[in-house]
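Peer 1: The structure's right below; bear with me while I get my questions together.
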Number of protein chains: 2
Amino acid sequence: MAMTAVPDLESLRLLVLVDELGSMGKAAATLGIAQPSVSKRLTTLEHRLGLILVDRTRRGSALTPAGRVVCGWAQRVLGELDGLLTGAEALRTRRDAELRVAASMTIAEHLVPTWIGELRKSQPELYVGLRVTNSVNVGELVHNGEVDIGFVESPSAPGGLSTKRVATDRLKVVVAPSHPLARRRSLSTAELAREGLVVREPGSGTRETLERALRRAGVGELTPLVELGSAAAVRGAVIAGTGPAVMSELAVAGDLVEGRLVAVEVTDLDLRRTFRAVWPAGRKVTGPAAELLAVAAGMR
Amino acid sequence: MAMTAVPDLESLRLLVLVDELGSMGKAAATLGIAQPSVSKRLTTLEHRLGLILVDRTRRGSALTPAGRVVCGWAQRVLGELDGLLTGAEALRTRRDAELRVAASMTIAEHLVPTWIGELRKSQPELYVGLRVTNSVNVGELVHNGEVDIGFVESPSAPGGLSTKRVATDRLKVVVAPSHPLARRRSLSTAELAREGLVVREPGSGTRETLERALRRAGVGELTPLVELGSAAAVRGAVIAGTGPAVMSELAVAGDLVEGRLVAVEVTDLDLRRTFRAVWPAGRKVTGPAAELLAVAAGMR
DNA sequence: ATGAGGTCATACCCTGTGGCTATGACAGCT
DNA sequence: AGCTGTCATAGCCACAGGGTATGACCTCAT
């Protein structure tokens, strides 16, 4: 048994397909490949994982208990992959898109693929083009008519643009479960400011929101412990126990429910921020842009 | 451009590695492969996605804006893959494991890989063996000494076993955002019972919990709309708009925050359940099992 | 009983992906 | 000017994974 190789995505998709359809042959048919290919692929997947996943009977194939668990994990992998693919397609389709969207990083990463996926249910053929930049730039793109609609996380509505709230995001103070702070029920704002934090570089939307909230609460500057270049890097550092950080709940929801991270309440500090759709002032949003807006605003 | 093929996982890992290390050569070195392989792989990845991800300069490679977004998505895919792999390893290592664990489906799927990952931080070489069955069976396995520790979601503590609460799970009523119920702020228990629900088959832990809660609230039987064989299938049906369902927040946390699903409050209905560790009564939990218990109980 | 229709597995071939080495082109240091 | 570090290209080879053909085996209907 080699078992050193990771399973490939096609095989995982095959596994869930066999679970749904109850037979390798049917799975092969829906994928448009030959039945022996499926058979072979599944056995190599089983070898790679070192597990027997499928119970091959003469009248179809069902998953073994182990197979069912793995299938659950596989679906989560494939779900994330789906997001990547629709996102990539949107990034690729820039100029010639029927619906051109601009969004800031956090929104693009966590919400836009979902929205597009939702939109596809009613308009399967719609070509969406996505541009990712900072909030200021999104405003400009909208203003210049380079995109049909934009999404920003900035607290201040840019001038000359109409806006509509599409979602509320909460920033959360998170620490590793092993960190001393994880035992604390809550934290005062002053304590948070004193605490050495893992933060993004200055200028990132998340950091701006945090600093603004601290200023508004009348507490001084924050004291960075390390500065990292991406939300993913910050998350990694916190999980590794480097220190606490303030992050969007979008980025850590899974970690919180599965216990990789622990959220600490901060009293008297408003760490909410609103995500807004923006479009040229006065003009009415029409066509696909309006549909997207409806989807985005509806899913709250 | 073919662009019909999906990217493979190795290439995604490569992408995040290049982002972290800032150079293809270093990425190649840490993976133990040759630099040209990395170069070629990344270009084929770019072709597959139809995007330019990497900015190749003479003194290293940085990700383009598109690359950074895709990198974020890639990390999420890889994170889920990690769970699958540690889970699979635990499933594979049954008999000869140093720590033998049994867990019911929900716990095995959502929590055990996380716990093992956490445990690995302090004991990298520990071999963990996992068995997945229903709660009754977990009890038996523990009783017969076939596993060192078990985890169950059953509300009743099995006889002859000591238990400790490790987590609290909330069942949530979820609907697709387009569903009429999504507009409702809250629902009465009676309304919920009348509503046609997408449910698991009788005997599933989730369904048992729901039925018990309804009985305790003095409301009659629930009215199934469809019965499906797995939590993933139920989730799929709800997202597709088939109807509302009652599901573990573990299974839908991501969907809620990203808006694929909407939770509806139910007044006066206690849909919490506790996850418990179980071990032979009286005996003291020692060694790796104690460590795992600490991890599981600590991460709350 | 026996054939029909369904399941999956095996054997064989062939293509394409992705690994390797060797080498080139280029930028920035010293 | 050379040295060092970057990435790209070219040519080679192995093997994973696709396809077809075929066999073994159940179950059901005739």
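Residues are referred to by chain and number: the chain letter is A, B, ... according to the order shown in the structure tokens, the number counts from 1 in that chain, and ligands are numbered separately from 1 in the order shown.
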Which residues are close to Asp255 of chain B, i.e. within 12 Å by only C-alpha atoms (C1' of nucleotides), leaving aside same-chain residues fewer than 2 positions away? Reply as a VMD selection string.

Peer 2: (chain A and resid 76 79 to 80 110 to 111 114 to 115 250 253 to 254 299 to 300) or (chain B and resid 174 to 177 235 to 236 238 to 239 247 to 253 257 to 263)

Peer 1: Save out the residues we just selected, C-alpha atoms, as a CSV table (one decimal), in the first residue's frame.

Peer 2:
chain,number,residue,atom,x,y,z
A,76,ARG,CA,-17.3,19.4,2.1
A,79,GLY,CA,-18.4,22.2,-1.8
A,80,GLU,CA,-15.3,24.4,-1.3
A,110,HIS,CA,-16.8,34.5,1.2
A,111,LEU,CA,-20.0,35.7,-0.4
A,114,THR,CA,-22.4,31.8,-3.1
A,115,TRP,CA,-24.4,34.6,-4.6
A,250,LEU,CA,-17.2,34.9,7.8
A,253,ALA,CA,-17.5,30.5,11.5
A,254,GLY,CA,-16.4,27.0,10.8
A,299,MET,CA,-29.9,36.0,1.8
A,300,ARG,CA,-29.5,37.5,5.2
B,174,VAL,CA,-33.3,25.9,8.4
B,175,VAL,CA,-34.8,26.8,5.1
B,176,ALA,CA,-33.6,28.1,1.8
B,177,PRO,CA,-33.5,31.9,1.7
B,235,ARG,CA,-29.0,19.8,3.5
B,236,GLY,CA,-29.0,19.5,-0.3
B,238,VAL,CA,-33.2,22.2,1.8
B,239,ILE,CA,-30.9,24.3,-0.2
B,247,MET,CA,-30.3,20.1,11.4
B,248,SER,CA,-27.3,20.3,13.6
B,249,GLU,CA,-25.6,23.6,13.6
B,250,LEU,CA,-22.4,21.8,13.0
B,251,ALA,CA,-23.7,20.8,9.6
B,252,VAL,CA,-25.0,24.2,8.5
B,253,ALA,CA,-22.8,26.8,10.2
B,257,VAL,CA,-23.0,32.6,7.6
B,258,GLU,CA,-22.7,32.5,3.8
B,259,GLY,CA,-26.4,32.8,3.3
B,260,ARG,CA,-27.2,29.5,1.5
B,261,LEU,CA,-29.5,28.7,4.4
B,262,VAL,CA,-31.5,30.8,6.8
B,263,ALA,CA,-32.2,29.8,10.4

Peer 1: Specify as a PDB file with C-alpha atoms, in the first residue's frame all residues of chain A found within 12 Å of chain D, counting only C-alpha atoms (C1' of nucleotides).

Peer 2:
ATOM      1  CA  ASP A   8      -7.930  13.360  -6.367  1.00  0.00           C
ATOM      2  CA  GLU A  10     -12.645  13.425  -9.453  1.00  0.00           C
ATOM      3  CA  SER A  11     -12.560  10.318  -7.341  1.00  0.00           C
ATOM      4  CA  GLY A  32     -20.133  10.259 -19.424  1.00  0.00           C
ATOM      5  CA  ILE A  33     -17.342   7.788 -18.857  1.00  0.00           C
ATOM      6  CA  ALA A  34     -17.142   4.019 -19.076  1.00  0.00           C
ATOM      7  CA  GLN A  35     -18.114   1.787 -16.192  1.00  0.00           C
ATOM      8  CA  PRO A  36     -14.736   0.034 -15.834  1.00  0.00           C
ATOM      9  CA  SER A  37     -13.078   3.406 -15.380  1.00  0.00           C
ATOM     10  CA  VAL A  38     -15.282   4.090 -12.416  1.00  0.00           C
ATOM     11  CA  SER A  39     -14.604   0.686 -10.980  1.00  0.00           C
ATOM     12  CA  LYS A  40     -10.862   1.089 -11.266  1.00  0.00           C
ATOM     13  CA  ARG A  41     -10.881   4.624  -9.970  1.00  0.00           C
ATOM     14  CA  LEU A  42     -12.807   3.710  -6.880  1.00  0.00           C
ATOM     15  CA  THR A  44      -7.439   3.099  -6.400  1.00  0.00           C
ATOM     16  CA  ARG A  56     -20.106  -4.050  -4.200  1.00  0.00           C
ATOM     17  CA  THR A  57     -23.124  -6.272  -4.428  1.00  0.00           C
ATOM     18  CA  ARG A  58     -24.583  -7.859  -7.491  1.00  0.00           C
ATOM     19  CA  ARG A  59     -27.406  -5.412  -7.582  1.00  0.00           C
ATOM     20  CA  GLY A  60     -25.630  -2.161  -7.083  1.00  0.00           C
TER      21      GLY A  60
END

Peer 1: Can you pull out the residues contacting Leu17 of chain B? Cut-off 12 Å, using only C-alpha atoms (C1' of nucleotides), and skip same-chain residues under 4 positions away; I want them as a list in words.

Peer 2: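 In the requested form, the answer reads Ala233 of chain A; Glu10, Ser11, Leu12, Arg13, Leu21, Gly22, Ser23, Met24, Gly25, Lys26, Ala27, Ala28, Ala29, Thr30, Leu31, Val38, Leu42, Val54, Ser61, Ala62, Leu63, Arg68, Cys71, Gly72, Ala74, Gln75 and Leu78 of chain B.
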
Peer 1: Output C-alpha atoms of each residue in that selection to a file, as a PDB file, in the first residue's frame.

Peer 2:
ATOM      1  CA  ALA A 233      -2.328  33.889   7.480  1.00  0.00           C
TER       2      ALA A 233
ATOM      3  CA  GLU B  10      -1.425  19.240  -5.463  1.00  0.00           C
ATOM      4  CA  SER B  11      -1.472  22.318  -7.637  1.00  0.00           C
ATOM      5  CA  LEU B  12      -3.639  24.166  -5.160  1.00  0.00           C
ATOM      6  CA  ARG B  13      -1.244  23.283  -2.368  1.00  0.00           C
ATOM      7  CA  LEU B  21       7.426  31.271   0.451  1.00  0.00           C
ATOM      8  CA  GLY B  22       7.555  33.860  -2.302  1.00  0.00           C
ATOM      9  CA  SER B  23       9.338  31.684  -4.806  1.00  0.00           C
ATOM     10  CA  MET B  24       8.704  28.617  -6.899  1.00  0.00           C
ATOM     11  CA  GLY B  25      12.136  27.225  -6.178  1.00  0.00           C
ATOM     12  CA  LYS B  26      11.568  27.267  -2.430  1.00  0.00           C
ATOM     13  CA  ALA B  27       8.162  25.695  -2.886  1.00  0.00           C
ATOM     14  CA  ALA B  28       9.755  22.979  -4.965  1.00  0.00           C
ATOM     15  CA  ALA B  29      12.384  22.404  -2.318  1.00  0.00           C
ATOM     16  CA  THR B  30       9.905  22.049   0.547  1.00  0.00           C
ATOM     17  CA  LEU B  31       7.863  19.589  -1.489  1.00  0.00           C
ATOM     18  CA  VAL B  38       6.572  23.462 -10.086  1.00  0.00           C
ATOM     19  CA  LEU B  42       1.543  26.263 -12.015  1.00  0.00           C
ATOM     20  CA  VAL B  54       1.456  34.238 -10.314  1.00  0.00           C
ATOM     21  CA  SER B  61       7.192  35.014  -7.572  1.00  0.00           C
ATOM     22  CA  ALA B  62       4.272  36.802  -5.971  1.00  0.00           C
ATOM     23  CA  LEU B  63       0.591  36.181  -6.479  1.00  0.00           C
ATOM     24  CA  ARG B  68      -4.559  35.955  -3.975  1.00  0.00           C
ATOM     25  CA  CYS B  71      -5.364  31.207  -2.981  1.00  0.00           C
ATOM     26  CA  GLY B  72      -7.940  31.993  -0.323  1.00  0.00           C
ATOM     27  CA  ALA B  74      -7.706  27.025  -2.320  1.00  0.00           C
ATOM     28  CA  GLN B  75      -6.887  27.130   1.374  1.00  0.00           C
ATOM     29  CA  LEU B  78      -7.241  22.182   1.412  1.00  0.00           C
TER      30      LEU B  78
END

Peer 1: Sorted by chain and rising residue number, list the residues of chain C at most 10 Å from chain B (counting only C-alpha atoms (C1' of nucleotides)), each with its closest atom pair and distance in Å to one decimal, as JSON lines.

Peer 2:
{"residue": "C:DT17", "atom": "C1'", "partner": "B:Arg41", "partner_atom": "CA", "distance": 9.8}
{"residue": "C:DG18", "atom": "C1'", "partner": "B:Ser37", "partner_atom": "CA", "distance": 7.4}
{"residue": "C:DG19", "atom": "C1'", "partner": "B:Ser37", "partner_atom": "CA", "distance": 6.8}
{"residue": "C:DC20", "atom": "C1'", "partner": "B:Ala34", "partner_atom": "CA", "distance": 7.5}
{"residue": "C:DT21", "atom": "C1'", "partner": "B:Ala34", "partner_atom": "CA", "distance": 9.5}
{"residue": "C:DC26", "atom": "C1'", "partner": "B:Arg58", "partner_atom": "CA", "distance": 7.2}
{"residue": "C:DA27", "atom": "C1'", "partner": "B:Arg58", "partner_atom": "CA", "distance": 5.8}
{"residue": "C:DG28", "atom": "C1'", "partner": "B:Arg59", "partner_atom": "CA", "distance": 8.4}

Peer 1: Could you pull out the strand (DSSP E) residues of segment 233-270 of chain A, going by DSSP on the backbone, and write them as a list in words?

Peer 2: Ala245, Val246, Met247, Ser248, Val262, Ala263, Val264, Glu265, Val266 and Thr267 of chain A

Peer 1: Can you spit out the residues from that selection as an mmCIF file, in the first residue's frame, using N, CA, C and O atoms?

Peer 2:
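Result went into part.cif, see below:
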data_model
loop_
_atom_site.group_PDB
_atom_site.id
_atom_site.type_symbol
_atom_site.label_atom_id
_atom_site.label_comp_id
_atom_site.auth_asym_id
_atom_site.auth_seq_id
_atom_site.Cartn_x
_atom_site.Cartn_y
_atom_site.Cartn_z
ATOM 1 N N ALA A 245 -6.679 37.547 17.760
ATOM 2 C CA ALA A 245 -6.841 38.409 16.598
ATOM 3 C C ALA A 245 -8.298 38.803 16.489
ATOM 4 O O ALA A 245 -9.167 38.210 17.142
ATOM 5 N N VAL A 246 -8.545 39.824 15.711
ATOM 6 C CA VAL A 246 -9.906 40.246 15.428
ATOM 7 C C VAL A 246 -10.188 39.910 13.969
ATOM 8 O O VAL A 246 -9.488 40.377 13.078
ATOM 9 N N MET A 247 -11.185 39.066 13.748
ATOM 10 C CA MET A 247 -11.442 38.599 12.390
ATOM 11 C C MET A 247 -12.928 38.591 12.080
ATOM 12 O O MET A 247 -13.766 38.488 12.974
ATOM 13 N N SER A 248 -13.212 38.651 10.790
ATOM 14 C CA SER A 248 -14.597 38.559 10.341
ATOM 15 C C SER A 248 -15.178 37.203 10.696
ATOM 16 O O SER A 248 -14.523 36.174 10.542
ATOM 17 N N VAL A 262 -11.795 29.947 19.553
ATOM 18 C CA VAL A 262 -12.782 30.326 20.556
ATOM 19 C C VAL A 262 -12.993 31.825 20.455
ATOM 20 O O VAL A 262 -12.028 32.589 20.316
ATOM 21 N N ALA A 263 -14.248 32.252 20.494
ATOM 22 C CA ALA A 263 -14.545 33.680 20.441
ATOM 23 C C ALA A 263 -14.656 34.235 21.853
ATOM 24 O O ALA A 263 -15.199 33.576 22.737
ATOM 25 N N VAL A 264 -14.128 35.409 22.064
ATOM 26 C CA VAL A 264 -14.228 36.073 23.354
ATOM 27 C C VAL A 264 -15.060 37.336 23.178
ATOM 28 O O VAL A 264 -14.792 38.145 22.290
ATOM 29 N N GLU A 265 -16.068 37.474 24.024
ATOM 30 C CA GLU A 265 -16.908 38.667 23.942
ATOM 31 C C GLU A 265 -16.124 39.900 24.382
ATOM 32 O O GLU A 265 -15.320 39.836 25.308
ATOM 33 N N VAL A 266 -16.381 41.013 23.725
ATOM 34 C CA VAL A 266 -15.815 42.270 24.179
ATOM 35 C C VAL A 266 -16.966 43.189 24.540
ATOM 36 O O VAL A 266 -17.840 43.458 23.719
ATOM 37 N N THR A 267 -16.946 43.643 25.769
ATOM 38 C CA THR A 267 -18.056 44.472 26.233
ATOM 39 C C THR A 267 -17.916 45.875 25.682
ATOM 40 O O THR A 267 -16.812 46.413 25.568
#

Peer 1: So which one's closest to Thr163 of chain A, A:His47, A:Arg276, A:Arg131, A:His179? Using only C-alpha atoms, please.

Peer 2: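 Of all the options, A:Arg276 lies closest to Thr163 of chain A.
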
Peer 1: Could you list, with a cut-off of 6 Å and counting only C-alpha atoms, the residues of segment 23-103 of chain A near segment 81-93 of chain B, each shown with its nearest atom pair and the distance in Å rounded to one decimal, rows sorted by chain and ascending number, as JSON lines?

Peer 2:
{"residue": "A:Leu51", "atom": "CA", "partner": "B:Arg92", "partner_atom": "CA", "distance": 5.9}
{"residue": "A:Trp73", "atom": "CA", "partner": "B:Leu84", "partner_atom": "CA", "distance": 5.4}
{"residue": "A:Val77", "atom": "CA", "partner": "B:Leu81", "partner_atom": "CA", "distance": 5.8}

Peer 1: As a short mmCIF file (atom, residue, chain, number, x, y, z; two decimals) with C-alpha atoms, in the first residue's frame, which residues of segment 31-246 of chain B does DSSP assign to alpha helix (DSSP H)?

Peer 2:
data_model
loop_
_atom_site.label_atom_id
_atom_site.label_comp_id
_atom_site.auth_asym_id
_atom_site.auth_seq_id
_atom_site.Cartn_x
_atom_site.Cartn_y
_atom_site.Cartn_z
CA LEU B 31 7.86 19.59 -1.49
CA GLN B 35 11.82 23.44 -9.71
CA PRO B 36 10.76 22.97 -13.35
CA SER B 37 7.98 20.69 -12.21
CA VAL B 38 6.57 23.46 -10.09
CA SER B 39 6.86 25.92 -12.90
CA LYS B 40 5.06 23.69 -15.33
CA ARG B 41 2.40 22.70 -12.83
CA LEU B 42 1.54 26.26 -12.02
CA THR B 43 1.22 27.22 -15.66
CA THR B 44 -1.10 24.31 -16.30
CA LEU B 45 -3.11 25.34 -13.25
CA GLU B 46 -3.34 28.82 -14.70
CA HIS B 47 -4.47 27.39 -18.02
CA ARG B 48 -7.07 25.22 -16.36
CA LEU B 49 -8.56 28.14 -14.49
CA PRO B 65 -4.64 39.93 -7.19
CA ALA B 66 -6.57 37.13 -8.86
CA GLY B 67 -4.02 34.70 -7.49
CA ARG B 68 -4.56 35.95 -3.98
CA VAL B 69 -8.30 35.44 -4.14
CA VAL B 70 -7.95 31.99 -5.63
CA CYS B 71 -5.36 31.21 -2.98
CA GLY B 72 -7.94 31.99 -0.32
CA TRP B 73 -10.42 29.63 -1.89
CA ALA B 74 -7.71 27.03 -2.32
CA GLN B 75 -6.89 27.13 1.37
CA ARG B 76 -10.47 26.40 2.24
CA VAL B 77 -10.48 23.42 -0.08
CA LEU B 78 -7.24 22.18 1.41
CA GLY B 79 -8.53 22.68 4.93
CA GLU B 80 -11.44 20.40 4.24
CA LEU B 81 -9.12 17.95 2.57
CA ASP B 82 -6.99 17.91 5.69
CA GLY B 83 -10.00 16.87 7.72
CA LEU B 84 -10.72 14.10 5.27
CA LEU B 85 -7.17 12.83 5.42
CA THR B 86 -6.79 12.79 9.18
CA GLY B 87 -10.22 11.24 9.42
CA ALA B 88 -9.35 8.58 6.90
CA GLU B 89 -6.13 7.81 8.69
CA ALA B 90 -8.01 7.38 11.93
CA LEU B 91 -10.53 5.09 10.26
CA ARG B 92 -7.75 3.02 8.76
CA MET B 105 -21.79 9.90 12.93
CA THR B 106 -22.25 13.61 13.56
CA ILE B 107 -19.41 13.80 16.02
CA ALA B 108 -17.11 11.73 13.84
CA GLU B 109 -17.84 13.81 10.80
CA HIS B 110 -17.52 17.27 12.28
CA VAL B 112 -13.16 14.11 15.58
CA PRO B 113 -10.79 15.17 12.77
CA THR B 114 -10.44 18.55 14.45
CA TRP B 115 -9.71 16.97 17.82
CA ILE B 116 -7.16 14.62 16.37
CA GLY B 117 -5.52 17.50 14.56
CA GLU B 118 -5.34 19.38 17.83
CA LEU B 119 -3.98 16.37 19.65
CA ARG B 120 -1.28 15.97 17.01
CA LYS B 121 0.18 19.30 17.94
CA SER B 122 1.48 17.83 21.16
CA SER B 135 -24.76 5.75 19.92
CA VAL B 136 -25.89 2.39 21.32
CA ASN B 137 -23.05 0.62 19.63
CA VAL B 138 -20.55 3.16 20.90
CA GLY B 139 -21.66 2.26 24.39
CA GLU B 140 -21.10 -1.42 23.76
CA LEU B 141 -17.68 -0.90 22.25
CA VAL B 142 -16.65 1.10 25.28
CA HIS B 143 -18.11 -1.50 27.61
CA THR B 189 -43.52 24.81 18.15
CA ALA B 190 -46.98 23.85 16.94
CA GLU B 191 -46.35 25.48 13.59
CA LEU B 192 -43.11 23.59 13.24
CA ALA B 193 -44.84 20.31 13.91
CA ARG B 194 -47.46 21.06 11.28
CA GLY B 205 -29.77 10.76 16.25
CA THR B 206 -30.96 14.07 14.91
CA ARG B 207 -34.47 12.83 14.27
CA GLU B 208 -34.70 11.23 17.69
CA THR B 209 -33.71 14.46 19.35
CA LEU B 210 -36.30 16.38 17.38
CA GLU B 211 -39.10 13.94 18.11
CA ARG B 212 -38.27 13.84 21.79
CA ALA B 213 -38.28 17.62 21.94
CA LEU B 214 -41.66 17.78 20.22
CA ARG B 215 -43.14 15.18 22.55
CA ARG B 216 -41.80 17.01 25.56
CA ALA B 231 -27.44 14.77 6.71
CA ALA B 232 -25.78 15.85 3.50
CA ALA B 233 -28.79 14.78 1.47
CA VAL B 234 -31.12 16.67 3.78
CA ARG B 235 -28.97 19.75 3.50
CA GLY B 236 -28.99 19.48 -0.30
CA ALA B 237 -32.76 19.19 -0.38
CA VAL B 238 -33.23 22.23 1.84
CA ILE B 239 -30.85 24.34 -0.24
#

Peer 1: If I take atom CA of Leu181 of chain B and atom CA of Ala289 of chain A, how far is one from the other in Å, to one decimal?

Peer 2: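 Computing the Euclidean distance for atom CA of Leu181 of chain B and atom CA of Ala289 of chain A yields 25.4 Å.
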
Peer 1: Nearest residue to chain B out of A:Gly241, A:Gly150, A:Gly298, A:Pro280, using only C-alpha atoms?

Peer 2: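 Smallest separation from chain B among the options: A:Gly298.
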